[in-house]
Amino acid sequence: MISFEEFKKVDLRVAKIIAAEKVEESENLIKLEIDLGAELGKRQILAGIQKYYKPEELIGKQIIVVVNLEPKKMMDMESQGMLLAADINGEPILLMPDKQVPPGSKIH
């Protein structure tokens with residue numbers, strides 16, 4: 001269990017995927033360029049979803065992202081956040097708003 005104060009430290013935002021491509025050296029990773037609105041700008045994140053999603057299908061979709069994680073190096077690239085997904089028998093199911101919202105909108 002974590003306290004409510006600890007939970008409030010996690011910064012969850014809506015992001016719009018503006019570019020997506022397979023990481024050629026990896027069987028799992030897709031490199032996503034996301035828009036987090038005027039306040040946070042654009043970022044790159046890496047996600048292990050290549051077996052379940054085609055990059056071209058992701059462009060234009062809105063996802064939920066943890067934006068205040070320390071950057072992580074993977075395959076000589078930097079991931080600047082983490083997308084949220086449900087895990088159904090090992091398959092990631094991306095969490096998405098059910099209506100369009102402005103990129104960068106806070107999740108409460």
# chains A, B, ... in the order shown; residues from 1 in each chain; ligands from 1
>>> select_by_dssp(residues="chain A", states="strand (DSSP E)", output="PyMOL selection string")
chain A and resi 12-22+30-35+42-47+62-66+72-74+77-79+82-83+85-88+91-94
>>> write_last_selection(atoms="N, CA and C atoms", output="tab-separated table (two decimals), in the first residue's frame")
chain	number	residue	atom	x	y	z
A	12	LEU	N	0.40	11.71	-14.31
A	12	LEU	CA	-0.22	11.02	-15.43
A	12	LEU	C	-0.84	12.05	-16.36
A	13	ARG	N	-0.56	11.93	-17.66
A	13	ARG	CA	-1.06	12.88	-18.65
A	13	ARG	C	-1.56	12.14	-19.88
A	14	VAL	N	-2.43	12.82	-20.63
A	14	VAL	CA	-2.86	12.35	-21.93
A	14	VAL	C	-1.83	12.81	-22.95
A	15	ALA	N	-1.42	11.89	-23.82
A	15	ALA	CA	-0.48	12.22	-24.89
A	15	ALA	C	-1.06	11.78	-26.22
A	16	LYS	N	-0.73	12.50	-27.26
A	16	LYS	CA	-1.13	12.11	-28.62
A	16	LYS	C	0.11	11.57	-29.33
A	17	ILE	N	-0.04	10.40	-29.94
A	17	ILE	CA	1.07	9.79	-30.68
A	17	ILE	C	1.15	10.48	-32.04
A	18	ILE	N	2.30	11.10	-32.31
A	18	ILE	CA	2.46	11.81	-33.58
A	18	ILE	C	3.39	11.08	-34.56
A	19	ALA	N	4.16	10.14	-34.06
A	19	ALA	CA	5.00	9.31	-34.93
A	19	ALA	C	5.27	8.00	-34.21
A	20	ALA	N	5.43	6.94	-34.99
A	20	ALA	CA	5.70	5.61	-34.42
A	20	ALA	C	6.50	4.80	-35.42
A	21	GLU	N	7.52	4.11	-34.93
A	21	GLU	CA	8.30	3.24	-35.80
A	21	GLU	C	8.89	2.09	-35.00
A	22	LYS	N	9.05	0.96	-35.68
A	22	LYS	CA	9.69	-0.19	-35.06
A	22	LYS	C	11.15	0.13	-34.77
A	30	ILE	N	8.76	-0.41	-29.88
A	30	ILE	CA	8.31	0.62	-30.83
A	30	ILE	C	8.71	1.95	-30.24
A	31	LYS	N	9.30	2.81	-31.09
A	31	LYS	CA	9.66	4.17	-30.68
A	31	LYS	C	8.50	5.09	-31.03
A	32	LEU	N	8.00	5.78	-30.02
A	32	LEU	CA	6.87	6.69	-30.20
A	32	LEU	C	7.31	8.12	-29.95
A	33	GLU	N	6.90	9.02	-30.83
A	33	GLU	CA	7.03	10.45	-30.55
A	33	GLU	C	5.65	10.91	-30.11
A	34	ILE	N	5.59	11.51	-28.93
A	34	ILE	CA	4.31	11.91	-28.38
A	34	ILE	C	4.26	13.41	-28.15
A	35	ASP	N	3.06	13.94	-28.24
A	35	ASP	CA	2.81	15.36	-27.97
A	35	ASP	C	2.09	15.45	-26.63
A	42	LYS	N	7.03	17.85	-26.80
A	42	LYS	CA	7.12	16.53	-27.42
A	42	LYS	C	8.20	15.71	-26.72
A	43	ARG	N	7.98	14.40	-26.69
A	43	ARG	CA	8.94	13.47	-26.08
A	43	ARG	C	8.98	12.19	-26.88
A	44	GLN	N	10.04	11.44	-26.61
A	44	GLN	CA	10.18	10.10	-27.18
A	44	GLN	C	9.99	9.09	-26.06
A	45	ILE	N	9.18	8.09	-26.33
A	45	ILE	CA	9.08	6.97	-25.40
A	45	ILE	C	9.25	5.68	-26.18
A	46	LEU	N	9.75	4.67	-25.49
A	46	LEU	CA	9.91	3.35	-26.08
A	46	LEU	C	8.98	2.40	-25.35
A	47	ALA	N	8.27	1.58	-26.13
A	47	ALA	CA	7.29	0.67	-25.54
A	47	ALA	C	7.44	-0.72	-26.14
A	62	GLN	N	-4.62	8.70	-28.78
A	62	GLN	CA	-4.30	9.29	-27.49
A	62	GLN	C	-4.08	8.16	-26.48
A	63	ILE	N	-3.04	8.33	-25.66
A	63	ILE	CA	-2.69	7.33	-24.65
A	63	ILE	C	-2.46	8.03	-23.32
A	64	ILE	N	-2.34	7.24	-22.28
A	64	ILE	CA	-2.03	7.76	-20.94
A	64	ILE	C	-0.56	7.45	-20.66
A	65	VAL	N	0.15	8.48	-20.18
A	65	VAL	CA	1.60	8.38	-19.99
A	65	VAL	C	1.99	8.88	-18.60
A	66	VAL	N	2.94	8.17	-17.97
A	66	VAL	CA	3.59	8.68	-16.76
A	66	VAL	C	4.73	9.57	-17.26
A	72	LYS	N	15.04	6.49	-19.23
A	72	LYS	CA	15.66	5.18	-19.20
A	72	LYS	C	16.28	4.89	-20.57
A	73	LYS	N	17.52	4.40	-20.56
A	73	LYS	CA	18.20	4.02	-21.79
A	73	LYS	C	17.81	2.61	-22.18
A	74	MET	N	17.41	2.45	-23.45
A	74	MET	CA	17.12	1.14	-24.01
A	74	MET	C	17.61	1.14	-25.45
A	77	MET	N	18.87	4.25	-26.98
A	77	MET	CA	17.92	5.35	-27.11
A	77	MET	C	17.37	5.67	-25.73
A	78	GLU	N	16.81	6.86	-25.58
A	78	GLU	CA	16.26	7.27	-24.29
A	78	GLU	C	14.74	7.28	-24.34
A	79	SER	N	14.15	6.63	-23.35
A	79	SER	CA	12.70	6.68	-23.19
A	79	SER	C	12.40	7.70	-22.10
A	82	MET	N	6.51	6.60	-19.70
A	82	MET	CA	6.00	5.24	-19.81
A	82	MET	C	4.51	5.29	-20.12
A	83	LEU	N	4.11	4.54	-21.15
A	83	LEU	CA	2.68	4.47	-21.43
A	83	LEU	C	2.03	3.47	-20.49
A	85	ALA	N	-0.76	0.47	-19.86
A	85	ALA	CA	-1.50	-0.57	-20.57
A	85	ALA	C	-1.96	-1.61	-19.57
A	86	ALA	N	-3.11	-2.19	-19.86
A	86	ALA	CA	-3.57	-3.34	-19.09
A	86	ALA	C	-2.83	-4.57	-19.60
A	87	ASP	N	-2.66	-5.57	-18.76
A	87	ASP	CA	-2.00	-6.80	-19.15
A	87	ASP	C	-3.05	-7.91	-19.11
A	88	ILE	N	-3.42	-8.38	-20.30
A	88	ILE	CA	-4.40	-9.46	-20.41
A	88	ILE	C	-3.69	-10.68	-20.97
A	91	GLU	N	-0.71	-9.87	-22.97
A	91	GLU	CA	-0.91	-8.93	-24.08
A	91	GLU	C	-1.19	-7.53	-23.53
A	92	PRO	N	-0.41	-6.52	-23.96
A	92	PRO	CA	-0.68	-5.16	-23.50
A	92	PRO	C	-1.88	-4.57	-24.25
A	93	ILE	N	-2.78	-3.97	-23.50
A	93	ILE	CA	-3.93	-3.26	-24.07
A	93	ILE	C	-3.78	-1.81	-23.64
A	94	LEU	N	-3.51	-0.93	-24.60
A	94	LEU	CA	-3.26	0.47	-24.28
A	94	LEU	C	-4.47	1.13	-23.65
>>> select_by_dssp(residues="chain A", states="helix (DSSP H, G or I)", output="PyMOL selection string")
chain A and resi 4-7+37-40+55-58
>>> write_last_selection(atoms="C-alpha atoms", output="mmCIF file, in the first residue's frame")
data_model
loop_
_atom_site.group_PDB
_atom_site.id
_atom_site.type_symbol
_atom_site.label_atom_id
_atom_site.label_comp_id
_atom_site.auth_asym_id
_atom_site.auth_seq_id
_atom_site.Cartn_x
_atom_site.Cartn_y
_atom_site.Cartn_z
ATOM 1 C CA PHE A 4 -2.325 9.131 -1.109
ATOM 2 C CA GLU A 5 0.533 11.643 -0.812
ATOM 3 C CA GLU A 6 2.878 9.173 -2.536
ATOM 4 C CA PHE A 7 0.330 8.509 -5.283
ATOM 5 C CA GLY A 37 0.821 19.884 -25.191
ATOM 6 C CA ALA A 38 2.359 23.336 -24.834
ATOM 7 C CA GLU A 39 3.468 22.889 -21.210
ATOM 8 C CA LEU A 40 5.477 19.663 -21.673
ATOM 9 C CA PRO A 55 3.273 1.560 -35.719
ATOM 10 C CA GLU A 56 1.040 3.020 -38.428
ATOM 11 C CA GLU A 57 -2.080 2.086 -36.414
ATOM 12 C CA LEU A 58 -0.846 4.067 -33.401
#
>>> residues_around(residues="A:Leu29", least_positions_apart="2", cutoff="6 Å", atoms="only C-alpha atoms", output="mmCIF file with all heavy atoms, in the first residue's frame")
data_model
loop_
_atom_site.group_PDB
_atom_site.id
_atom_site.type_symbol
_atom_site.label_atom_id
_atom_site.label_comp_id
_atom_site.auth_asym_id
_atom_site.auth_seq_id
_atom_site.Cartn_x
_atom_site.Cartn_y
_atom_site.Cartn_z
ATOM 1 N N VAL A 23 11.645 -0.380 -33.669
ATOM 2 C CA VAL A 23 13.075 -0.328 -33.388
ATOM 3 C C VAL A 23 13.648 -1.586 -34.039
ATOM 4 O O VAL A 23 13.382 -2.701 -33.586
ATOM 5 C CB VAL A 23 13.349 -0.279 -31.864
ATOM 6 C CG1 VAL A 23 14.840 -0.365 -31.587
ATOM 7 C CG2 VAL A 23 12.736 0.972 -31.252
ATOM 8 N N SER A 26 15.229 -4.595 -32.307
ATOM 9 C CA SER A 26 14.442 -5.193 -31.236
ATOM 10 C C SER A 26 13.217 -5.913 -31.792
ATOM 11 O O SER A 26 12.597 -5.458 -32.753
ATOM 12 C CB SER A 26 13.986 -4.093 -30.266
ATOM 13 O OG SER A 26 13.094 -4.614 -29.311
ATOM 14 N N ALA A 47 8.273 1.579 -26.128
ATOM 15 C CA ALA A 47 7.287 0.673 -25.538
ATOM 16 C C ALA A 47 7.437 -0.721 -26.140
ATOM 17 O O ALA A 47 7.582 -0.857 -27.359
ATOM 18 C CB ALA A 47 5.872 1.203 -25.774
ATOM 19 N N GLY A 48 7.370 -1.730 -25.303
ATOM 20 C CA GLY A 48 7.489 -3.120 -25.746
ATOM 21 C C GLY A 48 6.166 -3.676 -26.240
ATOM 22 O O GLY A 48 5.633 -4.616 -25.659
ATOM 23 N N GLN A 50 5.537 -4.113 -29.860
ATOM 24 C CA GLN A 50 5.657 -4.383 -31.293
ATOM 25 C C GLN A 50 4.916 -5.644 -31.743
ATOM 26 O O GLN A 50 4.410 -5.702 -32.862
ATOM 27 C CB GLN A 50 7.144 -4.484 -31.668
ATOM 28 C CG GLN A 50 7.386 -4.480 -33.153
ATOM 29 C CD GLN A 50 8.845 -4.579 -33.511
ATOM 30 O OE1 GLN A 50 9.205 -5.462 -34.278
ATOM 31 N NE2 GLN A 50 9.690 -3.726 -32.984
#
>>> closest_residue(among="A:Gly41, A:Gly60, A:Gly90, A:Gly104", to="A:Asp11", atoms="only C-alpha atoms")
A:Gly104
>>> atom_distance(atom1="atom CA of A:Leu69", atom2="atom CA of A:Asn28")
20.7 Å
